[in-house]
Amino acid sequence: MFLLWARWQAGGVTMAKITLSNLRHSYYPNPKTVDDYALKQIDLDWQDGGAYALLGPSGCGKSTLLNIISGLLTPSEGQVLFDGKDMTHLPPDARNIAQVFQFPVIYDTMTVYDNLAFPLRNRGVPEDRIASRIAEIAAMLEVSDMLKTRAAGLSPDNKQKISMGRALVRDDVNVVMFDEPLTVIDPHLKWKLRSKLKELHQRVRATMIYVTHDQTEALTFADQVVVMQDGEIVQIGTPVELFERPNHVFVGHFIGSPGMNVLECELRDGGAFFQGQHVALEGAIRPDMTGKPQIGIRPEFVTLGSSGIAATVRKVADIGRHSIVETRAGNQKIALVVEGDTPAQGDKVFLTFQTGQTRLYSDGWLATTQEAAQ
Amino acid sequence: MKTQNNKGWFFVLPVLLLVAFNALIPMMTVVNYSVQETFGNNLFFWQGLDWFEQILRSERFHAALGRQFLFTGSILAIEVPLGIAIALAMPRSGFWVPVCLVTMALPMLIPWNVVGAMWNIFTLPDIGLLGYFLNHVLQIPYDMTQNPVAAWATIIVMDVWHWTSLVVLLAYAGLVSIPDAYYQAAKIDGASNWAVFRFIQLPKMKNVLTIAILLRFMDSFNIYTEPFVLTGGGPGNSTTLLSIDLVKIALGQFDLGPAAAMSLIYFAITLLVSWLFYTLMTKDDAN
């Protein structure tokens, strides 16, 4: 392991900052409206050595983005730069990238060893160097004992480990991309592979991009999470930032369980009113806001009290350490997380929102700042 | 004691009856003929295994068997690589897919005797399109009724024309079932086109190719109608394949005993080769 680390220190590894500039992509030959684009406008920097997750629902364009970075797809507009060098029109093998796919891709007729050696042999790496590289990677992935077996007979999780091994065995990769790599893995093995990946990133220090629609996978793997919706990036941030200050109601919904409460409200006299009651916000409202106003508050920051917003308890779900209470205030649903004693179904309760965590959204986008209101 | 439920046998009974009447009983009559001598009038004399010995020692049988293996070997050596090559060249999506598939399927829809008759006319030296073209335009003397090499070339080309499509369609089915991720991974791994073929396409086509080769082996080894209509086994005996020879013995010479023994040997060879081939091709999958 030290040898590997030493080689990286010695500069034997070429890693790069990846820049996506003005990227747009459409699968139609002549896109006319914005809706024809699978990727609408992407400007993004992936820092060297970062652990990123690309999170979004199915069909949001995350796989398209991944294939553009890897070179399997040429974008309709814009550029892909590796350390400032234009890579937009280069094929995958000229980009020094590695990718792990949703379904394990292994070469059936080869042994595990030959599978791992394949990308190196294709690049003319000498056999003794291949042997030492494979020994290192196999040890990391804990597959050393199966190197001589035929890859076709392995279980899905081991096959996926071999696919990852083929990506990691090259020491010249700019970025390793994972396209929902745990889809076919049994639940009880998922967390094992997930922590293995995290550990690998810490050891190898290569830039890694992990595409998933599973928030748990994204939040546990990545230092920075890029949330996408409908071909657009809605927020980039650490897991904590995404949780605490969603930039868009979509992020609030998508991350967290249950998702953020989004409540229709009125704007009057420079304040927000819900069901006729004034609601204190985290800070000042952006003066230029014009869209439809909504209050966003996470269930974790709603508490039961003796005064506040009147609501009726609709459902109580005990999920172990705490309970999720679903209430209704007027025609709107408000969920809250309650530790300890819970009210019963049908009870009339009063809810208070933690001021520092109550935000206003305008047409879905965050419209309050954390600066104090004047 | 374990109680056994034997009800299942009743469900197999209809199939057993069907197989008995269309395969087992006819075959037993052949077995019956193969160990006896008959001069008609329902008179039979016991011969034991004499006919089998006679067939196995006869040069005529050796020659026909040799021609049969030569024919089957030749068409397999052409049809399998050619079929794979065509399947690889066919488009995987778009407008041309159905066009290609239907075009490929056409030769297989034509009845055997029609194929024989078509090629017979096609190759007539003076009026056939191919025959005329070879003889009078390219000035190559070609007459398959006179020249054994021409006759062989014709039956092989005819079979390739008739049946390569089967290999194409099966190989194509194998190819389209390969997920895109394999090709993408291979691109990223820097694999050459040859490596993609050798390590992805060929292994993924293995099962369908096994079926294709097996079908082509059995069909071509038992082929009768097309060469019978085309060359009738001639010129001389040069294209007398096993089945043609068998019919000559059984119906031409009315030697029912030797013909029955020969057909059993013929059947045993077909079965043995098919079994050997299939066992060899699938032995890796078992472990």
# chains A, B, ... in the order shown; residues from 1 in each chain; ligands from 1
$ residues_around --residues "A:Ser323" --least-positions-apart "6" --cutoff "9 Å" --atoms "only C-alpha atoms" --output "list of chain:residue names"
A:Val316, A:Ala317, A:Leu336, A:Val337, A:Val338, A:Glu339, A:Gly340, A:Asp341, A:Thr342
$ closest_atom_pairs --of "chain B" --to "chain A" --cutoff "8 Å" --atoms "only C-alpha atoms" --output "JSON lines"
{"residue": "B:Ala181", "atom": "CA", "partner": "A:Phe101", "partner_atom": "CA", "distance": 6.6}
{"residue": "B:Tyr182", "atom": "CA", "partner": "A:Val105", "partner_atom": "CA", "distance": 5.9}
{"residue": "B:Gln184", "atom": "CA", "partner": "A:Leu72", "partner_atom": "CA", "distance": 7.0}
{"residue": "B:Ala185", "atom": "CA", "partner": "A:Val105", "partner_atom": "CA", "distance": 7.1}
{"residue": "B:Lys187", "atom": "CA", "partner": "A:Asp93", "partner_atom": "CA", "distance": 6.1}
{"residue": "B:Ile188", "atom": "CA", "partner": "A:Asp93", "partner_atom": "CA", "distance": 5.0}
{"residue": "B:Asp189", "atom": "CA", "partner": "A:Pro119", "partner_atom": "CA", "distance": 4.4}
{"residue": "B:Gly190", "atom": "CA", "partner": "A:Asp93", "partner_atom": "CA", "distance": 5.3}
{"residue": "B:Ala191", "atom": "CA", "partner": "A:Asn122", "partner_atom": "CA", "distance": 6.0}
{"residue": "B:Ser192", "atom": "CA", "partner": "A:Asn122", "partner_atom": "CA", "distance": 7.8}
{"residue": "B:Phe199", "atom": "CA", "partner": "A:Tyr107", "partner_atom": "CA", "distance": 6.1}
{"residue": "B:Ile200", "atom": "CA", "partner": "A:Tyr107", "partner_atom": "CA", "distance": 6.5}
{"residue": "B:Pro203", "atom": "CA", "partner": "A:Thr109", "partner_atom": "CA", "distance": 6.8}
$ write_last_selection --atoms "C-alpha atoms" --output "compact mmCIF listing (two decimals), in the first residue's frame"
# COMPACT_ATOMS: atom_id res chain seq x y z
CA ALA B 181 -22.24 -1.40 -21.42
CA TYR B 182 -19.98 -4.22 -22.67
CA GLN B 184 -18.57 0.93 -23.69
CA ALA B 185 -16.43 -0.85 -21.11
CA LYS B 187 -13.80 1.11 -25.40
CA ILE B 188 -12.71 2.48 -22.04
CA ASP B 189 -10.43 -0.52 -21.49
CA GLY B 190 -8.80 0.32 -24.82
CA ALA B 191 -9.77 -2.98 -26.48
CA SER B 192 -9.16 -3.44 -30.22
CA PHE B 199 -13.71 -11.56 -25.67
CA ILE B 200 -17.22 -10.12 -25.87
CA PRO B 203 -18.40 -15.69 -25.94
$ residues_around --residues "A:Leu267" --least-positions-apart "5" --cutoff "8 Å" --atoms "only C-alpha atoms" --output "number ranges by chain"
A: 272-273, 293
$ atom_distance --atom1 "atom CA of B:Phe277" --atom2 "atom CA of B:Leu65"
18.4 Å
$ residues_around --residues "A:Lys348" --least-positions-apart "4" --cutoff "8 Å" --atoms "only C-alpha atoms" --output "ChimeraX atom specification"
/A:310-313
$ write_last_selection --atoms "C-alpha atoms" --output "mmCIF file, in the first residue's frame"
data_model
loop_
_atom_site.group_PDB
_atom_site.id
_atom_site.type_symbol
_atom_site.label_atom_id
_atom_site.label_comp_id
_atom_site.auth_asym_id
_atom_site.auth_seq_id
_atom_site.Cartn_x
_atom_site.Cartn_y
_atom_site.Cartn_z
ATOM 1 C CA ALA A 310 -53.336 24.708 14.655
ATOM 2 C CA ALA A 311 -53.324 21.276 13.034
ATOM 3 C CA THR A 312 -54.944 17.851 13.298
ATOM 4 C CA VAL A 313 -52.951 14.636 13.603
#
$ residues_around --residues "A:Tyr27" --least-positions-apart "2" --cutoff "9 Å" --atoms "only C-alpha atoms" --output "ChimeraX atom specification"
/A:25,29-31,36-38,76
$ atom_distance --atom1 "atom CA of A:Ile285" --atom2 "atom CA of A:Gln41"
27.0 Å
$ residues_around --residues "stretch 115-119 of chain B" --least-positions-apart "6" --cutoff "8 Å" --atoms "only C-alpha atoms" --output "PyMOL selection string"
chain B and resi 158+162+225-230
